[in-house]
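Peer 1: Input data.cif, format and content: mmCIF, C-alpha atoms.
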```
data_input
loop_
_atom_site.label_atom_id
_atom_site.label_comp_id
_atom_site.auth_asym_id
_atom_site.auth_seq_id
_atom_site.Cartn_x
_atom_site.Cartn_y
_atom_site.Cartn_z
CA MET A 4 60.78 -36.47 -128.48
CA VAL A 5 57.73 -34.38 -127.66
CA ASN A 6 55.61 -35.41 -124.70
CA VAL A 7 51.98 -35.41 -125.83
CA ARG A 8 50.63 -35.04 -122.30
CA LYS A 9 52.58 -31.85 -121.72
CA ILE A 10 51.30 -30.35 -124.99
CA GLY A 11 47.79 -31.79 -124.72
CA ARG A 12 46.81 -30.01 -121.51
CA PRO A 13 47.61 -26.49 -122.71
CA VAL A 14 45.90 -27.15 -126.06
CA LEU A 15 42.82 -28.45 -124.25
CA LEU A 16 42.85 -25.45 -121.93
CA VAL A 17 43.17 -22.97 -124.83
CA GLY A 18 40.48 -24.78 -126.83
CA SER A 19 37.99 -24.86 -123.98
CA SER A 20 38.69 -21.19 -123.17
CA TRP A 21 38.07 -20.24 -126.80
CA ALA A 22 34.81 -22.29 -126.93
CA THR A 23 33.59 -20.69 -123.72
CA ALA A 24 34.35 -17.21 -124.99
CA TYR A 25 32.76 -17.99 -128.36
CA LEU A 26 29.56 -19.48 -126.94
CA PHE A 27 29.14 -17.07 -124.01
CA ASP A 28 29.97 -13.85 -125.82
CA PRO A 29 27.52 -11.21 -124.52
CA ALA A 30 26.62 -9.98 -128.01
CA LEU A 31 26.38 -13.18 -130.11
CA GLY A 32 26.70 -16.04 -127.61
CA ARG A 33 22.99 -16.80 -127.37
CA ALA A 34 22.58 -17.07 -131.15
CA ARG A 35 25.73 -19.21 -131.43
CA ARG A 36 24.50 -21.59 -128.71
CA THR A 37 21.10 -21.88 -130.42
CA GLN A 38 22.74 -22.52 -133.78
CA LEU A 39 25.07 -25.14 -132.27
CA ARG A 40 22.16 -26.84 -130.49
CA ASP A 41 20.11 -26.92 -133.73
CA ARG A 42 23.01 -28.28 -135.77
CA LEU A 43 23.74 -31.01 -133.22
CA ALA A 44 20.05 -31.93 -133.00
CA GLY A 45 19.83 -32.11 -136.81
CA ARG A 46 22.91 -34.27 -137.02
CA LEU A 47 21.51 -36.55 -134.31
CA ARG A 48 18.16 -36.81 -136.14
CA ARG A 49 19.97 -37.75 -139.37
CA LEU A 50 22.03 -40.39 -137.56
CA VAL A 51 18.93 -41.86 -135.94
CA ARG A 52 17.04 -41.83 -139.26
CA ARG A 53 19.97 -43.52 -141.03
CA ALA A 54 20.20 -46.15 -138.27
CA GLU A 55 16.44 -46.80 -138.45
CA LYS A 56 16.63 -47.21 -142.24
CA LYS A 57 19.51 -49.65 -141.94
CA ALA A 58 17.72 -51.58 -139.22
CA ALA A 59 14.56 -51.78 -141.35
CA TYR A 60 16.61 -52.85 -144.39
CA TYR A 61 18.30 -55.69 -142.52
CA GLU A 62 15.04 -56.70 -140.84
CA HIS A 63 13.29 -56.97 -144.22
CA ARG A 64 16.27 -58.69 -145.76
CA LEU A 65 16.17 -61.27 -142.97
CA GLU A 66 12.42 -61.76 -143.50
CA GLY A 67 13.08 -62.34 -147.20
CA LEU A 68 15.80 -64.89 -146.53
CA GLU A 69 13.54 -66.68 -144.07
CA ALA A 70 10.73 -66.73 -146.65
CA GLU A 71 13.11 -68.09 -149.30
CA LEU A 72 14.18 -70.77 -146.87
CA HIS A 73 10.55 -71.84 -146.59
CA GLY A 74 10.11 -71.89 -150.39
CA ALA A 75 8.76 -68.43 -151.16
CA GLY A 76 9.75 -66.92 -154.47
CA ARG A 77 10.12 -70.28 -156.14
CA PRO A 78 7.43 -71.68 -158.38
CA HIS A 79 5.61 -74.74 -157.14
CA PRO A 80 4.62 -76.63 -160.27
CA VAL A 81 1.33 -78.47 -159.99
CA ASP A 82 1.66 -80.92 -162.88
CA ASP A 83 4.32 -82.63 -164.98
CA ARG A 84 3.99 -80.15 -167.84
CA ALA A 85 4.77 -77.27 -165.47
CA VAL A 86 7.73 -79.22 -164.06
CA ALA A 87 9.00 -79.82 -167.61
CA ASP A 88 8.72 -76.08 -168.30
CA GLU A 89 10.80 -75.37 -165.18
CA VAL A 90 13.44 -77.90 -166.29
CA HIS A 91 13.54 -76.31 -169.77
CA ARG A 92 13.94 -72.88 -168.17
CA ALA A 93 16.76 -74.17 -165.96
CA ILE A 94 18.75 -75.79 -168.76
CA ARG A 95 18.24 -72.88 -171.17
CA ALA A 96 20.21 -70.76 -168.67
CA CYS A 97 23.33 -72.83 -169.45
CA PRO A 98 26.11 -70.90 -171.21
CA PHE A 99 26.24 -73.50 -174.02
CA PRO A 100 23.65 -74.64 -176.57
CA THR A 101 21.04 -77.03 -175.15
CA SER A 102 18.56 -77.09 -178.03
CA ASP A 103 19.27 -80.80 -178.64
CA VAL A 104 18.17 -81.74 -175.12
CA LYS A 105 14.65 -83.13 -174.87
CA VAL A 106 12.86 -83.28 -171.52
CA ASP A 107 10.03 -85.58 -170.44
CA VAL A 108 8.59 -85.51 -166.93
CA VAL A 109 6.47 -88.24 -165.38
CA ASP A 110 5.48 -88.04 -161.70
CA GLY A 111 8.22 -85.47 -161.06
CA VAL A 112 11.01 -87.60 -162.58
CA ALA A 113 12.72 -85.74 -165.42
CA THR A 114 14.09 -87.81 -168.30
CA LEU A 115 16.77 -86.04 -170.34
CA ARG A 116 17.58 -87.18 -173.87
CA GLY A 117 19.96 -85.69 -176.38
CA GLN A 118 23.51 -84.98 -177.33
CA LEU A 119 25.95 -82.48 -175.85
CA ALA A 120 29.50 -81.65 -176.87
CA HIS A 121 31.41 -82.16 -173.60
CA PRO A 122 31.09 -84.32 -170.46
CA GLU A 123 31.05 -81.14 -168.32
CA GLU A 124 27.97 -79.97 -170.22
CA VAL A 125 26.22 -83.28 -169.52
CA ARG A 126 26.97 -82.90 -165.79
CA GLU A 127 25.82 -79.27 -165.77
CA VAL A 128 22.51 -80.06 -167.51
CA ARG A 129 21.86 -82.97 -165.13
CA ALA A 130 22.60 -80.79 -162.09
CA ARG A 131 20.40 -77.92 -163.28
CA ALA A 132 17.55 -80.30 -164.05
CA ALA A 133 17.84 -81.85 -160.57
CA ARG A 134 17.62 -78.39 -158.95
CA ALA A 135 14.53 -77.36 -160.93
CA PRO A 136 11.40 -76.90 -158.79
CA GLY A 137 9.16 -79.97 -158.71
CA VAL A 138 11.84 -82.44 -159.85
CA THR A 139 12.07 -85.50 -157.61
CA GLY A 140 14.56 -87.41 -159.75
CA VAL A 141 16.54 -87.28 -162.99
CA VAL A 142 17.11 -90.04 -165.54
CA SER A 143 19.76 -89.03 -168.04
CA TYR A 144 20.14 -90.48 -171.51
CA LEU A 145 22.44 -87.62 -172.55
CA HIS A 146 25.46 -88.65 -174.56
CA LEU A 147 28.43 -87.23 -176.43
CA PRO A 148 28.78 -87.04 -180.23
CA GLY A 149 29.79 -90.38 -181.72
CA THR A 150 28.58 -92.39 -178.72
CA LEU A 151 25.33 -94.24 -178.23
CA PRO A 152 22.83 -93.10 -175.62
CA PRO A 153 23.01 -95.25 -172.47
CA ASN A 154 19.60 -96.82 -173.09
CA LYS A 155 20.37 -97.64 -176.75
CA ALA A 156 23.68 -99.34 -176.02
CA ASP A 157 21.99 -101.86 -173.71
CA ALA A 158 19.15 -102.43 -176.18
CA ILE A 159 21.53 -103.07 -179.10
CA LYS A 160 23.64 -105.40 -176.99
CA ALA A 161 20.56 -107.32 -175.86
CA SER A 162 19.20 -107.58 -179.39
CA HIS A 163 22.49 -109.02 -180.67
CA GLU A 164 22.60 -111.57 -177.86
CA HIS A 165 19.08 -112.87 -178.54
CA ALA A 166 19.08 -112.63 -182.32
CA PRO A 167 19.16 -115.88 -184.30
CA ALA A 168 22.46 -116.52 -186.05
CA ASP A 169 20.95 -116.50 -189.56
CA ASN A 170 19.55 -112.95 -189.13
CA VAL A 171 22.97 -111.45 -188.39
CA VAL A 172 24.49 -109.92 -191.47
CA LYS A 173 28.27 -109.82 -191.49
CA HIS A 174 30.26 -107.60 -193.78
#
```
Can you turn what I pasted into structure tokens?
Peer 2:
Amino acid sequence: MVNVRKIGRPVLLVGSSWATAYLFDPALGRARRTQLRDRLAGRLRRLVRRAEKKAAYYEHRLEGLEAELHGAGRPHPVDDRAVADEVHRAIRACPFPTSDVKVDVVDGVATLRGQLAHPEEVREVRARAARAPGVTGVVSYLHLPGTLPPNKADAIKASHEHAPADNVVKH
């Protein structure tokens, strides 16, 4: 096995002797030293410039994240129509059709009505509506095909309970 310390010293000695001879050559040494100094200074300037750019990038990125945390970059709807527009925009971004979903907003509370194909879609639309700017609450009357909307089921049940017996038509 080769001992690195025994080889390292002679290599270092030869390398430093060569560099000294190269840089202190009576004919070209001064020009070589000037060229080396200029190259090292240029490399240092580039490193400093790159570090400053990275520092500025991360500083501005941090400022942006702080501003987002305080609500910058998000619309602040001023009325229910604007909130409804934001809810529509949020649910249109779903990867499934949402054209059957109707949205009403009163005092920041979004009411969703309509029919969707899968329970996951109903959950997704509700969640997106709740995250829309200006929404303070969500009332969902979304339902699946072949089922009654939640508000209609209660109304039909109540109407059958209070209806007189002679008005009920049996088949």
Peer 1: Residues within 9 Å of Gly137 of chain A, please, as a list in words. Count only C-alpha atoms; anything in the same chain fewer than 2 positions from it doesn't count.
Peer 2: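 Counting only C-alpha atoms, the residues come to Pro78, His79, Pro80, Val81, Asp82, Asp83, Ala85, Val86, Ala87, Glu89, Val90, Gly111, Val112, Arg134, Ala135 and Thr139 of chain A.
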Peer 1: Step by step, work through what the PyMOL selection byres ((chain A and resi 154) around 12) selects in the shown file, and finish by giving those residues as an NGL selection string.
Peer 2: :A and (114-117 or 142-146 or 150-153 or 155-161)
Peer 1: Atom CA of Gly140 of chain A and atom CA of Val104 of chain A are how many Å apart?
Peer 2: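 Rounded to one decimal, the two atoms are 16.8 Å apart.
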Peer 1: Mind checking which residues fall within 12 Å of Glu123 of chain A, counting all atoms listed in the file, ignoring those fewer than 6 positions away in the same chain, and posting them as number ranges by chain?
Peer 2: A: 97-99, 129-130, 145-147
Peer 1: How many Å lie between atom CA of Asp110 of chain A and atom CA of His91 of chain A, rounded to one decimal?
Peer 2: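 Those two atoms sit 16.4 Å apart.
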Peer 1: From the options A:Lys56, A:Ala113, A:Tyr61, A:Ile94, which residue's atoms come nearest to Arg126 of chain A, counting all atoms listed in the file?
Peer 2: A:Ile94
Peer 1: Please indicate the distance in Å from atom CA of Leu26 of chain A to atom CA of Gln38 of chain A, rounded to one decimal place.
Peer 2: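 We find that atom CA of Leu26 of chain A and atom CA of Gln38 of chain A lie 10.1 Å from each other.
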Peer 1: Nearest to Thr23 of chain A among A:Arg95, A:Arg36, A:Lys105, A:Arg77, with distances taken over only C-alpha atoms: which residue is it?
Peer 2: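 Closest residue, counting only C-alpha atoms: A:Arg36.
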Peer 1: Give the answer as one residue: which of A:Ala132, A:Leu119, A:Ala34, A:Ala70 has the shortest atom-to-atom distance to Val106 of chain A, using all atoms listed in the file?
Peer 2: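 The answer is A:Ala132, which sits nearest to Val106 of chain A.
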Peer 1: Between A:Gly18, A:Pro100, A:Gly11, A:Gly76, which has the minimum distance to Ala120 of chain A (counting all atoms listed in the file)?
Peer 2: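 Using all atoms listed in the file, the shortest distance to Ala120 of chain A belongs to A:Pro100.
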Peer 1: Give me the residues near Arg35 of chain A as a count of residues only, where near means some atom within 8 Å (using only C-alpha atoms) and where sequence neighbours in that chain fewer than 4 positions away do not count.
Peer 2: 4
Peer 1: So, counting only C-alpha atoms, which residue among A:Pro148, A:Glu55, A:Val108, A:Asp41 is closest to Arg84 of chain A?
Peer 2: A:Val108
Peer 1: How would segment 108-142 of chain A read, as a compact mmCIF listing (two decimals), in the coordinates of the input, once N, CA and C atoms are built in?
Peer 2:
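Saved the output as part28.txt:
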```txt
# COMPACT_ATOMS: atom_id res chain seq x y z
N VAL A 108 8.77 -85.41 -168.38
CA VAL A 108 8.59 -85.51 -166.93
C VAL A 108 7.37 -86.38 -166.65
N VAL A 109 7.56 -87.38 -165.82
CA VAL A 109 6.47 -88.24 -165.38
C VAL A 109 6.58 -88.38 -163.87
N ASP A 110 5.53 -87.98 -163.17
CA ASP A 110 5.48 -88.04 -161.70
C ASP A 110 6.68 -87.35 -161.06
N GLY A 111 7.13 -86.24 -161.63
CA GLY A 111 8.22 -85.47 -161.06
C GLY A 111 9.61 -85.95 -161.45
N VAL A 112 9.70 -87.08 -162.15
CA VAL A 112 11.01 -87.60 -162.58
C VAL A 112 11.29 -87.09 -163.99
N ALA A 113 12.35 -86.32 -164.13
CA ALA A 113 12.72 -85.74 -165.42
C ALA A 113 13.62 -86.71 -166.18
N THR A 114 13.26 -86.98 -167.43
CA THR A 114 14.09 -87.81 -168.30
C THR A 114 14.70 -86.89 -169.34
N LEU A 115 16.03 -86.90 -169.41
CA LEU A 115 16.77 -86.04 -170.34
C LEU A 115 17.31 -86.90 -171.47
N ARG A 116 17.07 -86.47 -172.70
CA ARG A 116 17.58 -87.18 -173.87
C ARG A 116 18.25 -86.15 -174.77
N GLY A 117 19.31 -86.58 -175.43
CA GLY A 117 19.96 -85.69 -176.38
C GLY A 117 21.46 -85.82 -176.36
N GLN A 118 22.07 -84.93 -177.12
CA GLN A 118 23.51 -84.98 -177.33
C GLN A 118 24.12 -83.64 -176.97
N LEU A 119 25.21 -83.69 -176.21
CA LEU A 119 25.95 -82.48 -175.85
C LEU A 119 27.41 -82.68 -176.21
N ALA A 120 28.14 -81.59 -176.34
CA ALA A 120 29.50 -81.65 -176.87
C ALA A 120 30.54 -82.14 -175.87
N HIS A 121 30.38 -81.85 -174.59
CA HIS A 121 31.41 -82.16 -173.60
C HIS A 121 30.81 -82.84 -172.36
N PRO A 122 31.59 -83.67 -171.68
CA PRO A 122 31.09 -84.32 -170.46
C PRO A 122 30.69 -83.31 -169.37
N GLU A 123 31.40 -82.17 -169.31
CA GLU A 123 31.05 -81.14 -168.32
C GLU A 123 29.65 -80.59 -168.58
N GLU A 124 29.29 -80.47 -169.87
CA GLU A 124 27.97 -79.97 -170.22
C GLU A 124 26.90 -80.96 -169.78
N VAL A 125 27.17 -82.25 -169.95
CA VAL A 125 26.22 -83.28 -169.52
C VAL A 125 26.01 -83.17 -168.01
N ARG A 126 27.09 -83.02 -167.24
CA ARG A 126 26.97 -82.90 -165.79
C ARG A 126 26.20 -81.64 -165.40
N GLU A 127 26.49 -80.54 -166.08
CA GLU A 127 25.82 -79.27 -165.77
C GLU A 127 24.31 -79.37 -166.04
N VAL A 128 23.93 -79.95 -167.17
CA VAL A 128 22.51 -80.06 -167.51
C VAL A 128 21.81 -80.97 -166.49
N ARG A 129 22.45 -82.07 -166.14
CA ARG A 129 21.86 -82.97 -165.13
C ARG A 129 21.66 -82.24 -163.80
N ALA A 130 22.68 -81.50 -163.37
CA ALA A 130 22.60 -80.79 -162.09
C ALA A 130 21.51 -79.72 -162.11
N ARG A 131 21.42 -78.96 -163.19
CA ARG A 131 20.40 -77.92 -163.28
C ARG A 131 19.00 -78.53 -163.31
N ALA A 132 18.85 -79.64 -164.00
CA ALA A 132 17.55 -80.30 -164.05
C ALA A 132 17.16 -80.80 -162.66
N ALA A 133 18.12 -81.33 -161.92
CA ALA A 133 17.84 -81.85 -160.57
C ALA A 133 17.43 -80.73 -159.62
N ARG A 134 17.95 -79.51 -159.83
CA ARG A 134 17.62 -78.39 -158.95
C ARG A 134 16.33 -77.69 -159.33
N ALA A 135 15.75 -78.03 -160.48
CA ALA A 135 14.53 -77.36 -160.93
C ALA A 135 13.38 -77.67 -159.97
N PRO A 136 12.52 -76.69 -159.71
CA PRO A 136 11.40 -76.90 -158.79
C PRO A 136 10.48 -78.03 -159.29
N GLY A 137 10.09 -78.90 -158.38
CA GLY A 137 9.16 -79.97 -158.71
C GLY A 137 9.82 -81.26 -159.15
N VAL A 138 11.14 -81.24 -159.39
CA VAL A 138 11.84 -82.44 -159.85
C VAL A 138 12.19 -83.30 -158.65
N THR A 139 11.75 -84.57 -158.70
CA THR A 139 12.07 -85.50 -157.61
C THR A 139 13.19 -86.46 -158.00
N GLY A 140 13.48 -86.54 -159.28
CA GLY A 140 14.56 -87.41 -159.75
C GLY A 140 14.91 -87.09 -161.19
N VAL A 141 16.09 -87.53 -161.62
CA VAL A 141 16.54 -87.28 -162.99
C VAL A 141 17.07 -88.58 -163.58
N VAL A 142 16.58 -88.91 -164.77
CA VAL A 142 17.11 -90.04 -165.54
C VAL A 142 17.76 -89.42 -166.76
```
